[in-house]
>>> print(open('upload.pdb').read())   # PDB, C-alpha atoms and all ligand atoms
ATOM      1  CA  MET L   1       0.000   0.000   0.000  1.00  0.00           C
ATOM      2  CA  ASP L   2       1.462   3.359  -0.956  1.00  0.00           C
ATOM      3  CA  VAL L   3       1.183   6.563   1.064  1.00  0.00           C
ATOM      4  CA  LEU L   4      -1.845   7.890  -0.826  1.00  0.00           C
ATOM      5  CA  GLU L   5      -3.726   4.607  -0.443  1.00  0.00           C
ATOM      6  CA  ALA L   6      -2.862   4.442   3.253  1.00  0.00           C
ATOM      7  CA  LEU L   7      -4.036   8.029   3.822  1.00  0.00           C
ATOM      8  CA  THR L   8      -7.248   7.462   1.867  1.00  0.00           C
ATOM      9  CA  ASP L   9      -7.978   4.271   3.802  1.00  0.00           C
ATOM     10  CA  THR L  10      -7.356   6.014   7.127  1.00  0.00           C
ATOM     11  CA  ILE L  11      -9.482   9.019   6.122  1.00  0.00           C
ATOM     12  CA  THR L  12     -12.350   6.705   5.120  1.00  0.00           C
ATOM     13  CA  ARG L  13     -12.193   4.964   8.506  1.00  0.00           C
ATOM     14  CA  ALA L  14     -11.918   8.322  10.307  1.00  0.00           C
ATOM     15  CA  ASP L  15     -14.903   9.729   8.376  1.00  0.00           C
ATOM     16  CA  LYS L  16     -17.064   6.818   9.536  1.00  0.00           C
ATOM     17  CA  ALA L  17     -15.909   7.219  13.142  1.00  0.00           C
ATOM     18  CA  ALA L  18     -16.435  11.002  12.953  1.00  0.00           C
ATOM     19  CA  ASP L  19     -20.022  10.432  11.814  1.00  0.00           C
ATOM     20  CA  GLN L  20     -20.624   8.051  14.711  1.00  0.00           C
ATOM     21  CA  PHE L  21     -19.243  10.563  17.220  1.00  0.00           C
ATOM     22  CA  GLY L  22     -21.118  13.557  15.807  1.00  0.00           C
ATOM     23  CA  VAL L  23     -18.173  15.531  14.428  1.00  0.00           C
ATOM     24  CA  THR L  24     -19.605  18.547  12.602  1.00  0.00           C
ATOM     25  CA  PRO L  25     -18.435  19.952   9.246  1.00  0.00           C
ATOM     26  CA  SER L  26     -17.556  23.231  10.993  1.00  0.00           C
ATOM     27  CA  GLN L  27     -15.230  21.382  13.394  1.00  0.00           C
ATOM     28  CA  VAL L  28     -13.442  19.853  10.406  1.00  0.00           C
ATOM     29  CA  ALA L  29     -13.337  23.237   8.642  1.00  0.00           C
ATOM     30  CA  ASP L  30     -11.792  24.882  11.728  1.00  0.00           C
ATOM     31  CA  SER L  31      -9.066  22.232  11.809  1.00  0.00           C
ATOM     32  CA  ILE L  32      -8.437  22.594   8.074  1.00  0.00           C
ATOM     33  CA  ARG L  33      -7.858  26.348   8.556  1.00  0.00           C
ATOM     34  CA  ARG L  34      -5.345  25.601  11.337  1.00  0.00           C
ATOM     35  CA  VAL L  35      -3.543  22.992   9.226  1.00  0.00           C
ATOM     36  CA  HIS L  36      -3.352  25.266   6.158  1.00  0.00           C
ATOM     37  CA  ALA L  37      -1.421  27.825   8.194  1.00  0.00           C
ATOM     38  CA  LEU L  38       1.328  25.262   8.876  1.00  0.00           C
ATOM     39  CA  ASP L  39       4.253  24.174   6.732  1.00  0.00           C
ATOM     40  CA  GLN L  40       4.672  20.524   5.708  1.00  0.00           C
ATOM     41  CA  HIS L  41       6.695  19.513   8.758  1.00  0.00           C
ATOM     42  CA  GLU L  42       4.362  21.315  11.140  1.00  0.00           C
ATOM     43  CA  ARG L  43       1.363  19.580   9.541  1.00  0.00           C
ATOM     44  CA  VAL L  44       2.839  16.151  10.180  1.00  0.00           C
ATOM     45  CA  ALA L  45       3.677  17.084  13.763  1.00  0.00           C
ATOM     46  CA  TYR L  46       0.173  18.537  14.266  1.00  0.00           C
ATOM     47  CA  ALA L  47      -1.479  15.359  12.964  1.00  0.00           C
ATOM     48  CA  ALA L  48       0.665  13.011  15.013  1.00  0.00           C
ATOM     49  CA  GLY L  49       0.481  15.162  18.136  1.00  0.00           C
ATOM     50  CA  SER L  50      -3.269  15.641  18.037  1.00  0.00           C
ATOM     51  CA  VAL L  51      -3.861  11.923  17.519  1.00  0.00           C
ATOM     52  CA  LEU L  52      -1.583  11.023  20.393  1.00  0.00           C
ATOM     53  CA  GLY L  53      -3.325  13.557  22.622  1.00  0.00           C
ATOM     54  CA  ALA L  54      -6.679  11.950  21.848  1.00  0.00           C
ATOM     55  CA  ILE L  55      -5.305   8.457  22.426  1.00  0.00           C
ATOM     56  CA  ILE L  56      -3.888   9.513  25.801  1.00  0.00           C
ATOM     57  CA  ASP L  57      -7.263  10.925  26.872  1.00  0.00           C
ATOM     58  CA  ILE L  58      -9.048   7.741  25.769  1.00  0.00           C
ATOM     59  CA  ALA L  59      -6.402   5.523  27.360  1.00  0.00           C
ATOM     60  CA  VAL L  60      -6.549   7.234  30.742  1.00  0.00           C
ATOM     61  CA  THR L  61     -10.359   7.119  30.861  1.00  0.00           C
ATOM     62  CA  HIS L  62     -10.522   3.521  29.645  1.00  0.00           C
ATOM     63  CA  ARG L  63      -7.817   2.315  32.027  1.00  0.00           C
ATOM     64  CA  LEU L  64      -9.842   3.539  35.006  1.00  0.00           C
ATOM     65  CA  ASP L  65     -12.869   1.521  33.861  1.00  0.00           C
ATOM     66  CA  CYS L  66     -11.316  -1.580  32.274  1.00  0.00           C
ATOM     67  CA  ARG L  67     -11.431  -4.832  34.193  1.00  0.00           C
ATOM     68  CA  GLN L  68     -10.880  -7.248  31.271  1.00  0.00           C
ATOM     69  CA  GLU L  69      -7.839  -9.528  31.197  1.00  0.00           C
ATOM     70  CA  ASP L  70      -7.560  -9.623  27.395  1.00  0.00           C
ATOM     71  CA  CYS L  71      -9.176  -6.371  26.289  1.00  0.00           C
ATOM     72  CA  PRO L  72      -9.232  -5.461  22.565  1.00  0.00           C
ATOM     73  CA  THR L  73      -9.538  -1.749  23.419  1.00  0.00           C
ATOM     74  CA  CYS L  74      -6.431  -1.903  25.625  1.00  0.00           C
ATOM     75  CA  THR L  75      -4.611  -3.707  22.795  1.00  0.00           C
ATOM     76  CA  ALA L  76      -5.653  -1.028  20.285  1.00  0.00           C
ATOM     77  CA  ILE L  77      -4.584   1.735  22.695  1.00  0.00           C
ATOM     78  CA  ARG L  78      -1.225   0.041  23.296  1.00  0.00           C
ATOM     79  CA  ASP L  79      -0.601  -0.378  19.531  1.00  0.00           C
ATOM     80  CA  GLY L  80      -1.657   3.217  18.838  1.00  0.00           C
ATOM     81  CA  LEU L  81       0.570   4.592  21.591  1.00  0.00           C
ATOM     82  CA  ALA L  82       3.586   2.613  20.331  1.00  0.00           C
ATOM     83  CA  ALA L  83       3.108   3.713  16.717  1.00  0.00           C
ATOM     84  CA  ASN L  84       2.476   7.353  17.587  1.00  0.00           C
ATOM     85  CA  LEU L  85       5.325   7.582  20.072  1.00  0.00           C
ATOM     86  CA  ALA L  86       7.659   6.216  17.395  1.00  0.00           C
ATOM     87  CA  SER L  87       6.343   8.769  14.883  1.00  0.00           C
ATOM     88  CA  LEU L  88       6.619  11.683  17.301  1.00  0.00           C
ATOM     89  CA  ARG L  89      10.146  10.754  18.381  1.00  0.00           C
ATOM     90  CA  THR L  90      11.181  10.487  14.732  1.00  0.00           C
ATOM     91  CA  LEU L  91       9.574  13.861  13.956  1.00  0.00           C
ATOM     92  CA  ARG L  92      11.378  15.445  16.911  1.00  0.00           C
ATOM     93  CA  THR L  93      14.714  14.024  15.763  1.00  0.00           C
ATOM     94  CA  ASP L  94      14.040  15.323  12.230  1.00  0.00           C
ATOM     95  CA  ALA L  95      13.160  18.777  13.609  1.00  0.00           C
ATOM     96  CA  ILE L  96      16.356  18.889  15.678  1.00  0.00           C
ATOM     97  CA  GLU L  97      18.427  17.898  12.644  1.00  0.00           C
ATOM     98  CA  ARG L  98      16.695  20.523  10.450  1.00  0.00           C
ATOM     99  CA  ARG L  99      17.283  23.183  13.089  1.00  0.00           C
ATOM    100  CA  GLN L 100      20.959  22.229  13.358  1.00  0.00           C
ATOM    101  CA  ALA L 101      21.325  22.253   9.536  1.00  0.00           C
ATOM    102  CA  GLU L 102      19.671  25.693   9.362  1.00  0.00           C
ATOM    103  CA  GLY L 103      21.957  26.939  12.109  1.00  0.00           C
ATOM    104  CA  ALA L 104      24.987  25.586  10.253  1.00  0.00           C
ATOM    105  CA  SER L 105      23.939  27.331   7.042  1.00  0.00           C
ATOM    106  CA  TRP L 106      23.977  30.709   8.833  1.00  0.00           C
ATOM    107  CA  ARG L 107      27.628  30.356   9.891  1.00  0.00           C
TER
HETATM  108 ZN    ZN V   1      -9.336  -2.412  28.348  1.00  0.00          ZN
END
>>> encode(input="upload.pdb", output="structure tokens", more="lines below")
Ligand SMILES: [Zn+2]
Amino acid sequence: MDVLEALTDTITRADKAADQFGVTPSQVADSIRRVHALDQHERVAYAAGSVLGAIIDIAVTHRLDCRQEDCPTCTAIRDGLAANLASLRTLRTDAIERRQAEGASWR
């Protein structure tokens, strides 16, 4: 699966979930305006950071209520946290390297 296919698949799944949770078109439009003001790197960081923030909120709430030994929600939260932490750490490393390269170009 290439990047475009992966994004389209994820957007389709997110659209269905958004419908189920009552996300309004104006909420999406507000986020689009915020994202358009960002450069490419900031957009990736915004997407990864906002998803991880939501996962953390869900994880904390679910953990307080969950009593299942083998819980599929806990598994999904664990997988999502691992993937997003890896993405965020990679993005941070990339940002540090870009900053250092920009600093070097000024000398
Ligand atoms: Zn659970």
>>> resolve_selection(input="upload.pdb", expression="the PyMOL selection byres (((not hetatm)) within 10 of (chain V and resi 1))", output="number ranges by chain")
L: 59, 61-78
>>> atom_distance(input="upload.pdb", atom1="CA of Ser87 (chain L)", atom2="CA of Asp19 (chain L)")
26.6 Å
>>> closest_residue(input="upload.pdb", among="L:Ala17, L:Leu7, L:Ala104, L:Met1", to="Ala47 (chain L)", atoms="all atoms listed in the file")
L:Leu7
>>> atom_distance(input="upload.pdb", atom1="CA of Thr24 (chain L)", atom2="CA of Gly80 (chain L)")
24.4 Å
>>> atom_distance(input="upload.pdb", atom1="CA of His41 (chain L)", atom2="CA of Thr90 (chain L)")
11.7 Å
>>> closest_residue(input="upload.pdb", among="L:Arg13, L:Leu88, L:Phe21, L:Ala82", to="Ser50 (chain L)", atoms="only C-alpha atoms")
L:Leu88
>>> resolve_selection(input="upload.pdb", expression="the PyMOL selection byres (((chain L and resi 52) around 8) and not hetatm)", output="list of chain:residue names")
L:Ala48, L:Gly49, L:Ser50, L:Val51, L:Gly53, L:Ala54, L:Ile55, L:Ile56, L:Gly80, L:Leu81, L:Asn84, L:Leu85
>>> closest_residue(input="upload.pdb", among="L:Gln40, L:Thr10, L:Gly103, L:Asp15", to="Val28 (chain L)", atoms="all atoms listed in the file")
L:Asp15
>>> decode(input="upload.pdb", residues="chain L", atoms="C-alpha atoms", output="PDB file, in the first residue's frame")
ATOM      1  CA  MET L   1       0.000   0.000   0.000  1.00  0.00           C
ATOM      2  CA  ASP L   2       1.462   3.359  -0.956  1.00  0.00           C
ATOM      3  CA  VAL L   3       1.183   6.563   1.064  1.00  0.00           C
ATOM      4  CA  LEU L   4      -1.845   7.890  -0.826  1.00  0.00           C
ATOM      5  CA  GLU L   5      -3.726   4.607  -0.443  1.00  0.00           C
ATOM      6  CA  ALA L   6      -2.862   4.442   3.253  1.00  0.00           C
ATOM      7  CA  LEU L   7      -4.036   8.029   3.822  1.00  0.00           C
ATOM      8  CA  THR L   8      -7.248   7.462   1.867  1.00  0.00           C
ATOM      9  CA  ASP L   9      -7.978   4.271   3.802  1.00  0.00           C
ATOM     10  CA  THR L  10      -7.356   6.014   7.127  1.00  0.00           C
ATOM     11  CA  ILE L  11      -9.482   9.019   6.122  1.00  0.00           C
ATOM     12  CA  THR L  12     -12.350   6.705   5.120  1.00  0.00           C
ATOM     13  CA  ARG L  13     -12.193   4.964   8.506  1.00  0.00           C
ATOM     14  CA  ALA L  14     -11.918   8.322  10.307  1.00  0.00           C
ATOM     15  CA  ASP L  15     -14.903   9.729   8.376  1.00  0.00           C
ATOM     16  CA  LYS L  16     -17.064   6.818   9.536  1.00  0.00           C
ATOM     17  CA  ALA L  17     -15.909   7.219  13.142  1.00  0.00           C
ATOM     18  CA  ALA L  18     -16.435  11.002  12.953  1.00  0.00           C
ATOM     19  CA  ASP L  19     -20.022  10.432  11.814  1.00  0.00           C
ATOM     20  CA  GLN L  20     -20.624   8.051  14.711  1.00  0.00           C
ATOM     21  CA  PHE L  21     -19.243  10.563  17.220  1.00  0.00           C
ATOM     22  CA  GLY L  22     -21.118  13.557  15.807  1.00  0.00           C
ATOM     23  CA  VAL L  23     -18.173  15.531  14.428  1.00  0.00           C
ATOM     24  CA  THR L  24     -19.605  18.547  12.602  1.00  0.00           C
ATOM     25  CA  PRO L  25     -18.435  19.952   9.246  1.00  0.00           C
ATOM     26  CA  SER L  26     -17.556  23.231  10.993  1.00  0.00           C
ATOM     27  CA  GLN L  27     -15.230  21.382  13.394  1.00  0.00           C
ATOM     28  CA  VAL L  28     -13.442  19.853  10.406  1.00  0.00           C
ATOM     29  CA  ALA L  29     -13.337  23.237   8.642  1.00  0.00           C
ATOM     30  CA  ASP L  30     -11.792  24.882  11.728  1.00  0.00           C
ATOM     31  CA  SER L  31      -9.066  22.232  11.809  1.00  0.00           C
ATOM     32  CA  ILE L  32      -8.437  22.594   8.074  1.00  0.00           C
ATOM     33  CA  ARG L  33      -7.858  26.348   8.556  1.00  0.00           C
ATOM     34  CA  ARG L  34      -5.345  25.601  11.337  1.00  0.00           C
ATOM     35  CA  VAL L  35      -3.543  22.992   9.226  1.00  0.00           C
ATOM     36  CA  HIS L  36      -3.352  25.266   6.158  1.00  0.00           C
ATOM     37  CA  ALA L  37      -1.421  27.825   8.194  1.00  0.00           C
ATOM     38  CA  LEU L  38       1.328  25.262   8.876  1.00  0.00           C
ATOM     39  CA  ASP L  39       4.253  24.174   6.732  1.00  0.00           C
ATOM     40  CA  GLN L  40       4.672  20.524   5.708  1.00  0.00           C
ATOM     41  CA  HIS L  41       6.695  19.513   8.758  1.00  0.00           C
ATOM     42  CA  GLU L  42       4.362  21.315  11.140  1.00  0.00           C
ATOM     43  CA  ARG L  43       1.363  19.580   9.541  1.00  0.00           C
ATOM     44  CA  VAL L  44       2.839  16.151  10.180  1.00  0.00           C
ATOM     45  CA  ALA L  45       3.677  17.084  13.763  1.00  0.00           C
ATOM     46  CA  TYR L  46       0.173  18.537  14.266  1.00  0.00           C
ATOM     47  CA  ALA L  47      -1.479  15.359  12.964  1.00  0.00           C
ATOM     48  CA  ALA L  48       0.665  13.011  15.013  1.00  0.00           C
ATOM     49  CA  GLY L  49       0.481  15.162  18.136  1.00  0.00           C
ATOM     50  CA  SER L  50      -3.269  15.641  18.037  1.00  0.00           C
ATOM     51  CA  VAL L  51      -3.861  11.923  17.519  1.00  0.00           C
ATOM     52  CA  LEU L  52      -1.583  11.023  20.393  1.00  0.00           C
ATOM     53  CA  GLY L  53      -3.325  13.557  22.622  1.00  0.00           C
ATOM     54  CA  ALA L  54      -6.679  11.950  21.848  1.00  0.00           C
ATOM     55  CA  ILE L  55      -5.305   8.457  22.426  1.00  0.00           C
ATOM     56  CA  ILE L  56      -3.888   9.513  25.801  1.00  0.00           C
ATOM     57  CA  ASP L  57      -7.263  10.925  26.872  1.00  0.00           C
ATOM     58  CA  ILE L  58      -9.048   7.741  25.769  1.00  0.00           C
ATOM     59  CA  ALA L  59      -6.402   5.523  27.360  1.00  0.00           C
ATOM     60  CA  VAL L  60      -6.549   7.234  30.742  1.00  0.00           C
ATOM     61  CA  THR L  61     -10.359   7.119  30.861  1.00  0.00           C
ATOM     62  CA  HIS L  62     -10.522   3.521  29.645  1.00  0.00           C
ATOM     63  CA  ARG L  63      -7.817   2.315  32.027  1.00  0.00           C
ATOM     64  CA  LEU L  64      -9.842   3.539  35.006  1.00  0.00           C
ATOM     65  CA  ASP L  65     -12.869   1.521  33.861  1.00  0.00           C
ATOM     66  CA  CYS L  66     -11.316  -1.580  32.274  1.00  0.00           C
ATOM     67  CA  ARG L  67     -11.431  -4.832  34.193  1.00  0.00           C
ATOM     68  CA  GLN L  68     -10.880  -7.248  31.271  1.00  0.00           C
ATOM     69  CA  GLU L  69      -7.839  -9.528  31.197  1.00  0.00           C
ATOM     70  CA  ASP L  70      -7.560  -9.623  27.395  1.00  0.00           C
ATOM     71  CA  CYS L  71      -9.176  -6.371  26.289  1.00  0.00           C
ATOM     72  CA  PRO L  72      -9.232  -5.461  22.565  1.00  0.00           C
ATOM     73  CA  THR L  73      -9.538  -1.749  23.419  1.00  0.00           C
ATOM     74  CA  CYS L  74      -6.431  -1.903  25.625  1.00  0.00           C
ATOM     75  CA  THR L  75      -4.611  -3.707  22.795  1.00  0.00           C
ATOM     76  CA  ALA L  76      -5.653  -1.028  20.285  1.00  0.00           C
ATOM     77  CA  ILE L  77      -4.584   1.735  22.695  1.00  0.00           C
ATOM     78  CA  ARG L  78      -1.225   0.041  23.296  1.00  0.00           C
ATOM     79  CA  ASP L  79      -0.601  -0.378  19.531  1.00  0.00           C
ATOM     80  CA  GLY L  80      -1.657   3.217  18.838  1.00  0.00           C
ATOM     81  CA  LEU L  81       0.570   4.592  21.591  1.00  0.00           C
ATOM     82  CA  ALA L  82       3.586   2.613  20.331  1.00  0.00           C
ATOM     83  CA  ALA L  83       3.108   3.713  16.717  1.00  0.00           C
ATOM     84  CA  ASN L  84       2.476   7.353  17.587  1.00  0.00           C
ATOM     85  CA  LEU L  85       5.325   7.582  20.072  1.00  0.00           C
ATOM     86  CA  ALA L  86       7.659   6.216  17.395  1.00  0.00           C
ATOM     87  CA  SER L  87       6.343   8.769  14.883  1.00  0.00           C
ATOM     88  CA  LEU L  88       6.619  11.683  17.301  1.00  0.00           C
ATOM     89  CA  ARG L  89      10.146  10.754  18.381  1.00  0.00           C
ATOM     90  CA  THR L  90      11.181  10.487  14.732  1.00  0.00           C
ATOM     91  CA  LEU L  91       9.574  13.861  13.956  1.00  0.00           C
ATOM     92  CA  ARG L  92      11.378  15.445  16.911  1.00  0.00           C
ATOM     93  CA  THR L  93      14.714  14.024  15.763  1.00  0.00           C
ATOM     94  CA  ASP L  94      14.040  15.323  12.230  1.00  0.00           C
ATOM     95  CA  ALA L  95      13.160  18.777  13.609  1.00  0.00           C
ATOM     96  CA  ILE L  96      16.356  18.889  15.678  1.00  0.00           C
ATOM     97  CA  GLU L  97      18.427  17.898  12.644  1.00  0.00           C
ATOM     98  CA  ARG L  98      16.695  20.523  10.450  1.00  0.00           C
ATOM     99  CA  ARG L  99      17.283  23.183  13.089  1.00  0.00           C
ATOM    100  CA  GLN L 100      20.959  22.229  13.358  1.00  0.00           C
ATOM    101  CA  ALA L 101      21.325  22.253   9.536  1.00  0.00           C
ATOM    102  CA  GLU L 102      19.671  25.693   9.362  1.00  0.00           C
ATOM    103  CA  GLY L 103      21.957  26.939  12.109  1.00  0.00           C
ATOM    104  CA  ALA L 104      24.987  25.586  10.253  1.00  0.00           C
ATOM    105  CA  SER L 105      23.939  27.331   7.042  1.00  0.00           C
ATOM    106  CA  TRP L 106      23.977  30.709   8.833  1.00  0.00           C
ATOM    107  CA  ARG L 107      27.628  30.356   9.891  1.00  0.00           C
TER     108      ARG L 107
END
